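Colleague: Next comes final.txt, compact mmCIF, C-alpha atoms:
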```
# COMPACT_ATOMS: atom_id res chain seq x y z
CA LYS M 1 109.41 129.21 78.76
CA ALA M 2 111.00 127.95 81.98
CA ARG M 3 114.03 130.20 81.54
CA ALA M 4 111.72 133.14 80.89
CA GLY M 5 109.94 132.47 84.19
CA GLN M 6 106.73 131.29 82.55
CA LEU M 7 106.96 127.79 84.06
CA PRO M 8 107.56 128.14 87.80
CA ASN M 9 109.31 125.41 89.82
CA PHE M 10 110.84 123.85 86.73
CA THR M 11 113.47 121.29 87.78
CA GLY M 12 116.97 122.44 86.89
CA ILE M 13 115.92 126.02 86.14
CA ASP M 14 114.45 127.58 89.26
CA SER M 15 113.96 124.44 91.32
CA ALA M 16 116.72 122.08 92.45
CA TYR M 17 116.88 118.50 91.19
CA GLU M 18 116.00 116.08 93.96
CA PRO M 19 116.93 112.50 93.15
CA PRO M 20 114.31 109.92 94.13
CA GLU M 21 114.89 108.16 97.43
CA ALA M 22 113.94 104.74 96.04
CA PRO M 23 113.89 104.72 92.21
CA GLU M 24 112.03 101.85 90.60
CA ILE M 25 114.48 101.66 87.70
CA THR M 26 118.12 102.77 87.53
CA LEU M 27 120.10 103.05 84.30
CA LYS M 28 123.84 103.61 84.53
CA GLY M 29 124.75 105.72 81.51
CA ALA M 30 128.48 105.54 82.10
CA GLU M 31 128.40 101.76 81.78
CA ARG M 32 126.05 101.27 78.81
CA SER M 33 125.36 102.79 75.43
CA PRO M 34 122.11 104.65 74.81
CA ASP M 35 120.86 101.74 72.68
CA GLU M 36 121.61 99.25 75.47
CA MET M 37 119.78 101.42 78.01
CA VAL M 38 116.73 101.73 75.74
CA ALA M 39 116.68 97.96 75.27
CA ALA M 40 116.96 97.42 79.03
CA MET M 41 114.14 99.88 79.67
CA ILE M 42 111.86 98.26 77.11
CA GLU M 43 112.61 94.82 78.56
CA GLU M 44 111.81 96.03 82.07
CA LEU M 45 108.53 97.63 80.94
CA ARG M 46 107.57 94.39 79.17
CA ASN M 47 108.43 92.34 82.27
CA ARG M 48 106.13 94.57 84.30
CA GLY M 49 103.32 94.22 81.75
CA ILE M 50 103.32 97.93 81.01
CA ILE M 51 103.95 97.41 77.29
```
Let me see the structure of the file written as structure tokens.

Modeller:
Amino acid sequence: KARAGQLPNFTGIDSAYEPPEAPEITLKGAERSPDEMVAAMIEELRNRGII
């Protein structure tokens, strides 16, 4: 839908990606496997009491 113009301002299609100025969580994909990043994310969400 975004490529067909049905979803305006879609990031990466017709709107540029703007990285956050101060991200709360950063995962470095070049340094960890997907499974390690998922585990780190779950741990962080648990530490914050979100899950």

Colleague: So how far away is CA of Arg3 in chain M from CA of Ala16 in chain M, in Å?

Modeller: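 So the answer is 13.9 Å.
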
Colleague: If you count all atoms listed in the file, which residues fall within 12 Å of range 41-46 of chain M, apart from same-chain ones fewer than 4 positions away, as a list of chain:residue names?

Modeller: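 These residues fall inside the cut-off: M:Glu24, M:Ile25, M:Thr26, M:Leu27, M:Lys28, M:Pro34, M:Asp35, M:Glu36, M:Met37, M:Ile50, M:Ile51.
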
Colleague: In Å, rounded to a single decimal, give me how far CA of Leu7 in chain M is from CA of Ala22 in chain M.

Modeller: 26.9 Å

Colleague: CA of Lys1 in chain M and CA of Ser15 in chain M are how many Å apart?

Modeller: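 Spanning CA of Lys1 in chain M to CA of Ser15 in chain M is a straight-line distance of 14.2 Å.
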
Colleague: Take range 4-15 of chain M, model all heavy atoms, and hand the result over as an mmCIF file, keeping the file's coordinate frame.

Modeller:
```cif
data_model
loop_
_atom_site.group_PDB
_atom_site.id
_atom_site.type_symbol
_atom_site.label_atom_id
_atom_site.label_comp_id
_atom_site.auth_asym_id
_atom_site.auth_seq_id
_atom_site.Cartn_x
_atom_site.Cartn_y
_atom_site.Cartn_z
ATOM 1 N N ALA M 4 112.362 131.825 80.897
ATOM 2 C CA ALA M 4 111.720 133.140 80.890
ATOM 3 C C ALA M 4 110.833 133.350 82.105
ATOM 4 O O ALA M 4 110.225 134.401 82.255
ATOM 5 C CB ALA M 4 110.904 133.300 79.614
ATOM 6 N N GLY M 5 110.745 132.347 82.981
ATOM 7 C CA GLY M 5 109.940 132.470 84.190
ATOM 8 C C GLY M 5 108.471 132.160 83.995
ATOM 9 O O GLY M 5 107.656 132.377 84.881
ATOM 10 N N GLN M 6 108.120 131.607 82.848
ATOM 11 C CA GLN M 6 106.730 131.290 82.550
ATOM 12 C C GLN M 6 106.300 129.927 83.083
ATOM 13 O O GLN M 6 105.113 129.619 83.100
ATOM 14 C CB GLN M 6 106.479 131.369 81.049
ATOM 15 C CG GLN M 6 106.699 132.760 80.490
ATOM 16 C CD GLN M 6 106.617 132.802 78.980
ATOM 17 O OE1 GLN M 6 106.464 131.782 78.322
ATOM 18 N NE2 GLN M 6 106.732 133.998 78.422
ATOM 19 N N LEU M 7 107.254 129.105 83.479
ATOM 20 C CA LEU M 7 106.960 127.790 84.060
ATOM 21 C C LEU M 7 107.638 127.719 85.427
ATOM 22 O O LEU M 7 108.791 127.322 85.541
ATOM 23 C CB LEU M 7 107.486 126.663 83.156
ATOM 24 C CG LEU M 7 106.896 126.572 81.758
ATOM 25 C CD1 LEU M 7 107.633 125.534 80.925
ATOM 26 C CD2 LEU M 7 105.423 126.221 81.827
ATOM 27 N N PRO M 8 106.946 128.121 86.476
ATOM 28 C CA PRO M 8 107.560 128.140 87.800
ATOM 29 C C PRO M 8 107.875 126.726 88.324
ATOM 30 O O PRO M 8 107.230 125.755 87.942
ATOM 31 C CB PRO M 8 106.521 128.826 88.664
ATOM 32 C CG PRO M 8 105.225 128.593 87.971
ATOM 33 C CD PRO M 8 105.553 128.547 86.507
ATOM 34 N N ASN M 9 108.885 126.659 89.167
ATOM 35 C CA ASN M 9 109.310 125.410 89.820
ATOM 36 C C ASN M 9 109.756 124.345 88.832
ATOM 37 O O ASN M 9 109.571 123.159 89.061
ATOM 38 C CB ASN M 9 108.186 124.867 90.724
ATOM 39 C CG ASN M 9 107.792 125.856 91.784
ATOM 40 O OD1 ASN M 9 108.649 126.481 92.414
ATOM 41 N ND2 ASN M 9 106.511 126.031 91.985
ATOM 42 N N PHE M 10 110.362 124.775 87.745
ATOM 43 C CA PHE M 10 110.840 123.850 86.730
ATOM 44 C C PHE M 10 112.178 123.274 87.183
ATOM 45 O O PHE M 10 113.140 124.001 87.424
ATOM 46 C CB PHE M 10 110.993 124.572 85.387
ATOM 47 C CG PHE M 10 111.105 123.648 84.207
ATOM 48 C CD1 PHE M 10 109.982 123.233 83.529
ATOM 49 C CD2 PHE M 10 112.349 123.212 83.776
ATOM 50 C CE1 PHE M 10 110.084 122.389 82.434
ATOM 51 C CE2 PHE M 10 112.465 122.372 82.693
ATOM 52 C CZ PHE M 10 111.325 121.951 82.010
ATOM 53 N N THR M 11 112.257 121.944 87.299
ATOM 54 C CA THR M 11 113.470 121.290 87.780
ATOM 55 C C THR M 11 114.669 121.665 86.919
ATOM 56 O O THR M 11 114.615 121.589 85.707
ATOM 57 C CB THR M 11 113.291 119.760 87.769
ATOM 58 O OG1 THR M 11 112.197 119.426 88.613
ATOM 59 C CG2 THR M 11 114.542 119.056 88.274
ATOM 60 N N GLY M 12 115.730 122.081 87.575
ATOM 61 C CA GLY M 12 116.970 122.440 86.890
ATOM 62 C C GLY M 12 117.032 123.893 86.455
ATOM 63 O O GLY M 12 118.080 124.356 86.051
ATOM 64 N N ILE M 13 115.921 124.602 86.524
ATOM 65 C CA ILE M 13 115.920 126.020 86.140
ATOM 66 C C ILE M 13 115.767 126.875 87.391
ATOM 67 O O ILE M 13 116.688 127.573 87.785
ATOM 68 C CB ILE M 13 114.798 126.338 85.123
ATOM 69 C CG1 ILE M 13 114.913 125.463 83.878
ATOM 70 C CG2 ILE M 13 114.818 127.824 84.764
ATOM 71 C CD1 ILE M 13 116.172 125.664 83.058
ATOM 72 N N ASP M 14 114.627 126.811 88.023
ATOM 73 C CA ASP M 14 114.450 127.580 89.260
ATOM 74 C C ASP M 14 114.083 126.683 90.443
ATOM 75 O O ASP M 14 113.697 127.149 91.498
ATOM 76 C CB ASP M 14 113.421 128.709 89.078
ATOM 77 C CG ASP M 14 112.006 128.218 88.835
ATOM 78 O OD1 ASP M 14 111.828 127.019 88.572
ATOM 79 O OD2 ASP M 14 111.085 129.049 88.902
ATOM 80 N N SER M 15 114.219 125.399 90.254
ATOM 81 C CA SER M 15 113.960 124.440 91.320
ATOM 82 C C SER M 15 115.072 123.389 91.268
ATOM 83 O O SER M 15 115.428 122.904 90.186
ATOM 84 C CB SER M 15 112.597 123.783 91.114
ATOM 85 O OG SER M 15 112.298 122.906 92.167
#
```
